[in-house]
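Novice: Here you go, one structure.
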Amino acid sequence: MHHAKGQRRTIGRRLAQTAAIAAASAMALTACGGGGEADSGDDGKVELRFSWWGADARHQSTLEIIDAFEAENPGIEIKPEYGDWGGYWDKLATQVASGDAPDIIQMDDKYLREYGDRGALLDLEGVDVSQFDEGTIENGTTDDGLLGITTGINAMVLMTNPEIFEEAGVELPDDETWTWDDYAEITKEITENSDGKYGATGPNEPAGLQIWARQAGKHLIGDDGALGVDESDIEDYFQHHLDLVENGSYPGASIIAEDQSPGPDQSLTGTGVAAMGMWWTNQLTALSGSAGVDLVPLRMPSHTGDSSDSGLWYKSSMLMSGYSQSEHPEEVKAFIDFFVNSQEAGELNLTDRGLPSNGDVRESVVAQLEGQDAVSAEFIADIEDELGAAEPIPAMGFSELQDIIYRYELEVFFGRQSPADAAKAARSEMENAIG
């Protein structure tokens with residue numbers, strides 16, 4: 001998740017452009033299988049390609065998980081393909097269109113339908129999900145089957161820098177009772193009372209708008225796959241953030257624009273410039289390391305001052321999927337089963353891919369956590385009885401919404417459009433994106 005905070009790369013158009021290529025290659029795929037050329041080695045082993053994104057620490061732990069799996073399954077060899085978030089989806093779209101996708105794919109929920117509805121993902125029926133919460137299973141289930149296995153869960157929170165609060169002479173809020181008005185007052189006071197620091201930075205999209213919708217009893221995307229918010233909802237949301245810019249709670253528009261795209265270490269939160277920023281819980285350790293201070297995760301403010309109205313939910317931090325054209329679907333399932341259900345894999349992943357979805361593995365991992373990893377896990381447990389329903393699986397085209405929302409927020413922040421005009425245009429574009 002949060003891979004880069006505001007990474008706005010989308011695959012919808014690329015997949016649309018290459019749909020003809022994919023269709024034309026379907027017969028060839030049926031004949032020769034997918035998963036590229038590395039299907040079987042000279043030594044007779046089944047070879048599977050596995051692609052993922054992440055930072056160096058994730059790459060190292062994942063390679064160790066691969067080693068552990070191969071030790072238990074000497075007839076299978078996993079070929080790793082990994083890099084950072086930027087470029088991952090463009091590359092995967094091209095691979096799928098040409099019939100050369102990896103057998104095992106680290107998947108993000110915003111792209112699940114874009115690939116699943118085009119028949120690119122394997123039904124993972126048979127992978128053991130008996131120790132998973134029902135909502136966690138639903139996160140990867142479409143009408144075509146279980147297309148993604150959630151590796152772990154996280155929640156969107158305000159990562160808070162206690163040193164900036166102390167410097168500004170402001171107390172940390174009671175996040176079980178605070179409101180948006182409290183948030184505006186606190187962040188304004190921090191900006192005014194600190195040297196070159198800001199009370200908060202701009203929202204993390206599309207989660208920010210999702211939470212705003214949830215606090216109004218709606219979903220950004222409903223169960224029917226249609227947009228669940230109207231122009232007035234979006235206008236209120238844009239006005240809310242414009243007020244925070246004008247209030248001094250946020251930095252100016254040009255600084256917010258720069259902070260829409262960097263990863264944790266380059267962000268205003270990670271560089272210790274903003275007292276609060278929206279991030280996923282599994283990023284607490286990385287952000288704290290970058291900022292040089294133990295950040296504190298806080299619940300989102302609400303309109304009512306009741307934390308059960310804060311609109312939070314357990315999100316899939318990421319999922320594991322299989323390529324539908326793989327020549328070795330059973331081996332793909334075996335690896336994914338090991339990845340999400342084995343204690344060994346869980347203890348190597350820890351919370352990097354979210355708090356483990358498997359309840360037994362989660363207990364084992366939590367018992368070993370220290371420092372900010374433990375804080376993140378404790379927060380996830382604390383909010384469980386306050387959560388609303390899980391978000392519906394994102395609709396086809398959902399990956400384009402982040403760019404649309406960010407773009408129109410900047411139009412408002414720079415004063416080029418009114419919140420009402422921006423809301424009308426943004427809603428129209430969002431409707432077109434999800435078709």
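Chain lettering (A, B, ...) mirrors the order of the structure tokens, residue numbering begins at 1 for each chain separately, and ligand numbering begins at 1 in order of display.
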Tell me, counting only C-alpha atoms, for each residue of stretch 328-400 of chain A within 10 Å of stretch 51-62 of chain A, which pair of atoms is nearest and how far apart they are in Å to one decimal, in rows ordered by chain and increasing number, as CSV.
Specialist:
residue,atom,partner,partner_atom,distance
A:Phe339,CA,A:Thr62,CA,9.3
A:Ala345,CA,A:Thr62,CA,8.4
A:Glu347,CA,A:Ser61,CA,9.5
A:Leu348,CA,A:Ser61,CA,5.7
A:Asn349,CA,A:Ser61,CA,6.3
A:Leu350,CA,A:Ser61,CA,9.3
A:Asp352,CA,A:Arg58,CA,7.0
A:Arg353,CA,A:Arg58,CA,8.5
Novice: Could the residues in this selection be saved with all heavy atoms as an mmCIF file, in the first residue's frame?
Specialist:
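New file part39.cif:
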data_model
loop_
_atom_site.group_PDB
_atom_site.id
_atom_site.type_symbol
_atom_site.label_atom_id
_atom_site.label_comp_id
_atom_site.auth_asym_id
_atom_site.auth_seq_id
_atom_site.Cartn_x
_atom_site.Cartn_y
_atom_site.Cartn_z
ATOM 1 N N PHE A 339 3.065 -19.155 1.321
ATOM 2 C CA PHE A 339 3.381 -17.751 1.565
ATOM 3 C C PHE A 339 2.467 -17.142 2.623
ATOM 4 O O PHE A 339 2.913 -16.345 3.453
ATOM 5 C CB PHE A 339 3.239 -16.963 0.253
ATOM 6 C CG PHE A 339 3.927 -15.637 0.243
ATOM 7 C CD1 PHE A 339 5.234 -15.506 -0.196
ATOM 8 C CD2 PHE A 339 3.259 -14.493 0.677
ATOM 9 C CE1 PHE A 339 5.872 -14.269 -0.203
ATOM 10 C CE2 PHE A 339 3.880 -13.259 0.672
ATOM 11 C CZ PHE A 339 5.190 -13.146 0.234
ATOM 12 N N ALA A 345 7.089 -18.315 6.727
ATOM 13 C CA ALA A 345 6.911 -17.149 5.858
ATOM 14 C C ALA A 345 6.404 -15.955 6.658
ATOM 15 O O ALA A 345 6.845 -14.818 6.455
ATOM 16 C CB ALA A 345 5.942 -17.485 4.728
ATOM 17 N N GLU A 347 6.921 -15.230 9.782
ATOM 18 C CA GLU A 347 7.967 -14.658 10.629
ATOM 19 C C GLU A 347 9.038 -13.957 9.811
ATOM 20 O O GLU A 347 9.781 -13.126 10.347
ATOM 21 C CB GLU A 347 8.558 -15.753 11.508
ATOM 22 C CG GLU A 347 7.559 -16.239 12.562
ATOM 23 C CD GLU A 347 8.012 -17.486 13.298
ATOM 24 O OE1 GLU A 347 9.190 -17.872 13.124
ATOM 25 O OE2 GLU A 347 7.199 -18.069 14.041
ATOM 26 N N LEU A 348 9.127 -14.253 8.535
ATOM 27 C CA LEU A 348 10.042 -13.515 7.657
ATOM 28 C C LEU A 348 9.388 -12.230 7.154
ATOM 29 O O LEU A 348 10.026 -11.183 7.071
ATOM 30 C CB LEU A 348 10.469 -14.398 6.482
ATOM 31 C CG LEU A 348 11.447 -15.529 6.832
ATOM 32 C CD1 LEU A 348 11.563 -16.526 5.683
ATOM 33 C CD2 LEU A 348 12.824 -14.960 7.176
ATOM 34 N N ASN A 349 8.089 -12.301 6.835
ATOM 35 C CA ASN A 349 7.366 -11.103 6.398
ATOM 36 C C ASN A 349 7.129 -10.129 7.540
ATOM 37 O O ASN A 349 7.140 -8.909 7.345
ATOM 38 C CB ASN A 349 6.000 -11.498 5.812
ATOM 39 C CG ASN A 349 6.010 -11.674 4.312
ATOM 40 O OD1 ASN A 349 6.649 -10.916 3.597
ATOM 41 N ND2 ASN A 349 5.299 -12.687 3.840
ATOM 42 N N LEU A 350 6.861 -10.665 8.738
ATOM 43 C CA LEU A 350 6.418 -9.866 9.880
ATOM 44 C C LEU A 350 5.258 -8.967 9.438
ATOM 45 O O LEU A 350 4.267 -9.461 8.955
ATOM 46 C CB LEU A 350 7.590 -9.081 10.471
ATOM 47 C CG LEU A 350 8.661 -9.944 11.174
ATOM 48 C CD1 LEU A 350 9.812 -9.081 11.667
ATOM 49 C CD2 LEU A 350 8.042 -10.737 12.330
ATOM 50 N N ASP A 352 5.532 -6.379 7.153
ATOM 51 C CA ASP A 352 5.873 -5.640 5.946
ATOM 52 C C ASP A 352 4.752 -5.682 4.913
ATOM 53 O O ASP A 352 4.537 -4.732 4.174
ATOM 54 C CB ASP A 352 7.162 -6.191 5.327
ATOM 55 C CG ASP A 352 7.537 -5.448 4.060
ATOM 56 O OD1 ASP A 352 7.841 -4.244 4.164
ATOM 57 O OD2 ASP A 352 7.503 -6.057 2.978
ATOM 58 N N ARG A 353 4.036 -6.779 4.833
ATOM 59 C CA ARG A 353 2.908 -6.890 3.910
ATOM 60 C C ARG A 353 1.586 -6.817 4.669
ATOM 61 O O ARG A 353 0.575 -7.339 4.230
ATOM 62 C CB ARG A 353 3.009 -8.189 3.104
ATOM 63 C CG ARG A 353 4.102 -8.160 2.023
ATOM 64 C CD ARG A 353 4.155 -9.471 1.262
ATOM 65 N NE ARG A 353 4.918 -9.385 0.028
ATOM 66 C CZ ARG A 353 6.212 -9.671 -0.088
ATOM 67 N NH1 ARG A 353 6.907 -10.048 0.987
ATOM 68 N NH2 ARG A 353 6.827 -9.569 -1.260
#
Novice: Report the closest atom pair, with its distance in Å rounded to one decimal, for each residue of stretch 357-435 of chain A that has an atom no farther than 10 Å from stretch 104-121 of chain A; count only C-alpha atoms, sort by chain and then rising residue number, and write it as a Markdown table.
Specialist:
| residue | atom | partner | partner_atom | distance |
| --- | --- | --- | --- | --- |
| A:Ile393 | CA | A:Asp109 | CA | 7.1 |
| A:Pro394 | CA | A:Lys110 | CA | 5.6 |
| A:Ala395 | CA | A:Arg113 | CA | 6.2 |
| A:Met396 | CA | A:Glu114 | CA | 5.0 |
| A:Gly397 | CA | A:Glu114 | CA | 6.6 |
| A:Phe398 | CA | A:Lys110 | CA | 5.9 |
| A:Ser399 | CA | A:Lys110 | CA | 5.4 |
| A:Glu400 | CA | A:Lys110 | CA | 9.1 |
| A:Leu401 | CA | A:Lys110 | CA | 9.6 |
| A:Gln402 | CA | A:Lys110 | CA | 9.9 |
Novice: Could those residues be written to a file, using all heavy atoms, as a short mmCIF file (atom, residue, chain, number, x, y, z; two decimals), in the first residue's frame?
Specialist:
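Below is the file that was written, result_29.cif:
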data_model
loop_
_atom_site.label_atom_id
_atom_site.label_comp_id
_atom_site.auth_asym_id
_atom_site.auth_seq_id
_atom_site.Cartn_x
_atom_site.Cartn_y
_atom_site.Cartn_z
N ILE A 393 -14.97 -4.59 -3.44
CA ILE A 393 -13.81 -4.73 -4.31
C ILE A 393 -13.84 -3.62 -5.35
O ILE A 393 -14.87 -3.37 -5.97
CB ILE A 393 -13.82 -6.11 -5.01
CG1 ILE A 393 -13.60 -7.21 -3.96
CG2 ILE A 393 -12.74 -6.18 -6.07
CD1 ILE A 393 -13.68 -8.60 -4.53
N PRO A 394 -12.73 -2.92 -5.53
CA PRO A 394 -12.72 -1.79 -6.47
C PRO A 394 -13.18 -2.18 -7.86
O PRO A 394 -12.88 -3.26 -8.36
CB PRO A 394 -11.24 -1.36 -6.48
CG PRO A 394 -10.74 -1.76 -5.13
CD PRO A 394 -11.45 -3.05 -4.82
N ALA A 395 -13.92 -1.28 -8.49
CA ALA A 395 -14.45 -1.52 -9.82
C ALA A 395 -13.34 -1.45 -10.87
O ALA A 395 -12.26 -0.90 -10.63
CB ALA A 395 -15.53 -0.49 -10.14
N MET A 396 -13.61 -2.00 -12.03
CA MET A 396 -12.72 -1.82 -13.17
C MET A 396 -12.50 -0.33 -13.38
O MET A 396 -13.43 0.46 -13.36
CB MET A 396 -13.37 -2.44 -14.41
CG MET A 396 -12.55 -2.30 -15.67
SD MET A 396 -11.33 -3.64 -15.81
CE MET A 396 -12.38 -4.98 -16.38
N GLY A 397 -11.26 0.07 -13.55
CA GLY A 397 -10.95 1.48 -13.73
C GLY A 397 -10.67 2.23 -12.44
O GLY A 397 -10.34 3.41 -12.46
N PHE A 398 -10.79 1.55 -11.30
CA PHE A 398 -10.60 2.21 -10.00
C PHE A 398 -9.20 2.81 -9.87
O PHE A 398 -9.03 3.85 -9.23
CB PHE A 398 -10.83 1.19 -8.88
CG PHE A 398 -10.75 1.77 -7.49
CD1 PHE A 398 -11.86 2.37 -6.92
CD2 PHE A 398 -9.58 1.71 -6.76
CE1 PHE A 398 -11.80 2.91 -5.64
CE2 PHE A 398 -9.50 2.25 -5.48
CZ PHE A 398 -10.61 2.85 -4.93
N SER A 399 -8.22 2.19 -10.50
CA SER A 399 -6.85 2.66 -10.35
C SER A 399 -6.65 4.06 -10.92
O SER A 399 -5.67 4.73 -10.59
CB SER A 399 -5.88 1.69 -11.03
OG SER A 399 -6.16 1.57 -12.41
N GLU A 400 -7.58 4.52 -11.76
CA GLU A 400 -7.47 5.87 -12.33
C GLU A 400 -8.00 6.95 -11.39
O GLU A 400 -7.72 8.14 -11.57
CB GLU A 400 -8.21 5.94 -13.66
CG GLU A 400 -7.64 5.02 -14.74
CD GLU A 400 -8.28 5.27 -16.09
OE1 GLU A 400 -8.50 6.44 -16.43
OE2 GLU A 400 -8.57 4.28 -16.79
N LEU A 401 -8.75 6.54 -10.35
CA LEU A 401 -9.40 7.53 -9.50
C LEU A 401 -8.39 8.35 -8.70
O LEU A 401 -8.61 9.54 -8.44
CB LEU A 401 -10.39 6.86 -8.55
CG LEU A 401 -11.53 6.05 -9.19
CD1 LEU A 401 -12.61 5.76 -8.16
CD2 LEU A 401 -12.12 6.77 -10.39
N GLN A 402 -7.30 7.73 -8.28
CA GLN A 402 -6.31 8.45 -7.49
C GLN A 402 -5.82 9.68 -8.25
O GLN A 402 -5.79 10.80 -7.71
CB GLN A 402 -5.13 7.52 -7.16
CG GLN A 402 -4.08 8.17 -6.28
CD GLN A 402 -2.89 7.24 -6.05
OE1 GLN A 402 -2.19 6.87 -7.00
NE2 GLN A 402 -2.67 6.86 -4.82
#
Novice: Can you list, as a list in words, every protein, DNA or RNA residue that comes within 12 Å of A:Glu429 when you count only C-alpha atoms, leaving out same-chain residues fewer than 2 positions away?
Specialist: Leu227, Glu231, Gly397, Phe398, Glu400, Leu401, Gln402, Asp403, Ile404, Ile405, Arg407, Tyr408, Ala422, Ala423, Lys424, Ala425, Ala426, Arg427, Glu431, Asn432, Ala433, Ile434 and Gly435 of chain A
Novice: Please run DSSP on the backbone and report, as an mmCIF file with C-alpha atoms, in the first residue's frame, all residues within stretch 259-401 of chain A that come out as strand (DSSP E or B).
Specialist:
data_model
loop_
_atom_site.group_PDB
_atom_site.id
_atom_site.type_symbol
_atom_site.label_atom_id
_atom_site.label_comp_id
_atom_site.auth_asym_id
_atom_site.auth_seq_id
_atom_site.Cartn_x
_atom_site.Cartn_y
_atom_site.Cartn_z
ATOM 1 C CA ALA A 274 4.434 17.667 8.739
ATOM 2 C CA MET A 276 0.397 14.531 10.684
ATOM 3 C CA GLY A 277 -0.105 12.657 7.439
ATOM 4 C CA MET A 278 -2.390 9.905 6.148
ATOM 5 C CA TRP A 279 -0.643 6.553 5.748
ATOM 6 C CA TRP A 280 -1.349 2.836 6.061
ATOM 7 C CA VAL A 296 2.106 7.672 16.754
ATOM 8 C CA PRO A 297 -0.808 6.280 14.693
ATOM 9 C CA LEU A 298 -4.108 8.060 15.370
ATOM 10 C CA SER A 302 -15.058 12.192 12.643
ATOM 11 C CA LYS A 315 -7.888 -3.088 3.954
ATOM 12 C CA SER A 316 -5.849 -5.693 2.153
ATOM 13 C CA SER A 317 -2.313 -4.371 2.278
ATOM 14 C CA MET A 318 -1.720 -6.439 -0.852
ATOM 15 C CA LEU A 319 -2.706 -9.792 -2.325
ATOM 16 C CA MET A 320 -1.076 -12.795 -3.954
ATOM 17 C CA SER A 321 -2.521 -13.813 -7.308
ATOM 18 C CA GLY A 322 -1.762 -16.400 -9.957
ATOM 19 C CA TYR A 323 -1.613 -15.988 -13.729
ATOM 20 C CA LEU A 355 -0.556 -7.813 9.793
ATOM 21 C CA PRO A 356 -0.861 -11.471 8.642
#
Novice: Using DSSP secondary structure from the backbone, list all helix (DSSP H, G or I) positions within stretch 234-271 of chain A, as a count of residues only.
Specialist: 23
